[in-house]
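Accompanying notes for the structure given below.
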Amino acid sequence: AGSLLLPHLEPYLIRSMRAAEGQVDDPVLREDLKRFCAQEGQHYKMHMKWNATVRRAGFPGLARFEEELAEDYERFSRTRSLRWNLAYAEGFEAFTMSAVKLLMEPNGFGEDLSPFMQMVEWHFVEELEHRNVAFDVYEHVSGGYLYRLLVGIYAQWHFTRWIRRVARYMVKANAGRATTRA
């Protein structure tokens, strides 16, 4: 369910960062922003491939969930301020860093990983590489601790709520198939 989120979230992160690019006058930060967008674009492509595999496994209800999420991120880009979108992006990246740190310490995922886990580990390492960019861009363009904190909490609630709903659907759909096969 988490992977299913990312092909909708990552383009949103890229749109938000690119919208801020014209306000970033620090050449180092501007270069970091460009690398961030490039990495998120690669993540998007890999998750799209994985998600196609998940869809082939037979979860017809996923399309509805994905449409809902895509609409949310399109609406955020259209109707929310740049500051809000940057704070949301930072909230996601902060959450991701906590998860990466928890899951990868002390030595990554180990040896002899499945192709999926190799993709996850690669993605997590790239998350480590650009872990500060969303924060740095937010601070450079608008700043504000309390605002970032509140929008970040909303962001984390928004995407974890979606993941929980999709995970519940997938477990229920899979249990139904197991009953049918038995």
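Letters A, B, ... mark the chains of the structure tokens in the order given; residue numbers begin at 1 per chain; ligand numbers begin at 1, in order shown.
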
For Leu103 (chain A), work out the shell of residues within 10 Å, counting only C-alpha atoms and skipping chain neighbours fewer than 6 positions away, then give it as an MDAnalysis selection string. chainID A and resid 97 109 121 124

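Non-sequential neighbours of Val54 (chain A) (distance at most 12 Å, separation of 2 or more positions within a chain, only C-alpha atoms) are Ala1, Gly2, Ser3, Leu4, His47, Met48, Lys49, Trp50, Asn51, Ala52, Arg56, Ala57, Gly58, Phe59, Pro60, Gly61, Leu62, Ala63, Phe116, Met170 and Asn174 of chain A.
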
Near Asn132 (chain A), counting only C-alpha atoms, which residues have an atom at most 10 Å away, once you skip same-chain residues fewer than 2 positions from it, shown as a PyMOL selection string? chain A and resi 32+36+90+93-94+97+127-130+134-137

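Between CA of Tyr44 (chain A) and CA of Trp162 (chain A) lies a distance of 17.9 Å.
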
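The space between CA of Gly143 (chain A) and CA of Arg83 (chain A) spans 8.1 Å.
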
Give the alpha helix (DSSP H) residues of region 4-157 of chain A, as assigned by DSSP on the backbone, as a VMD selection string. chain A and resid 4 to 21 27 to 56 62 to 79 82 to 104 115 to 129 133 to 141 145 to 157

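The space between CA of Ile163 (chain A) and CA of Leu146 (chain A) spans 25.7 Å.
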
Compile the contact shell of Phe76 (chain A) as a VMD selection string: residues with an atom at most 12 Å away, counting only C-alpha atoms, same-chain residues fewer than 3 positions apart removed. chain A and resid 9 12 to 13 15 to 16 69 to 73 79 to 89 155 158

From the list A:Arg18, A:Glu10, A:Gly152, A:Glu74, which residue is nearest Gly91 (chain A) when using only C-alpha atoms? A:Gly152

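Using only C-alpha atoms, the shortest contact distance between Gly41 (chain A) and any of A:Ile14, A:Val133, A:Ala19, A:Val28 is found at A:Ile14.
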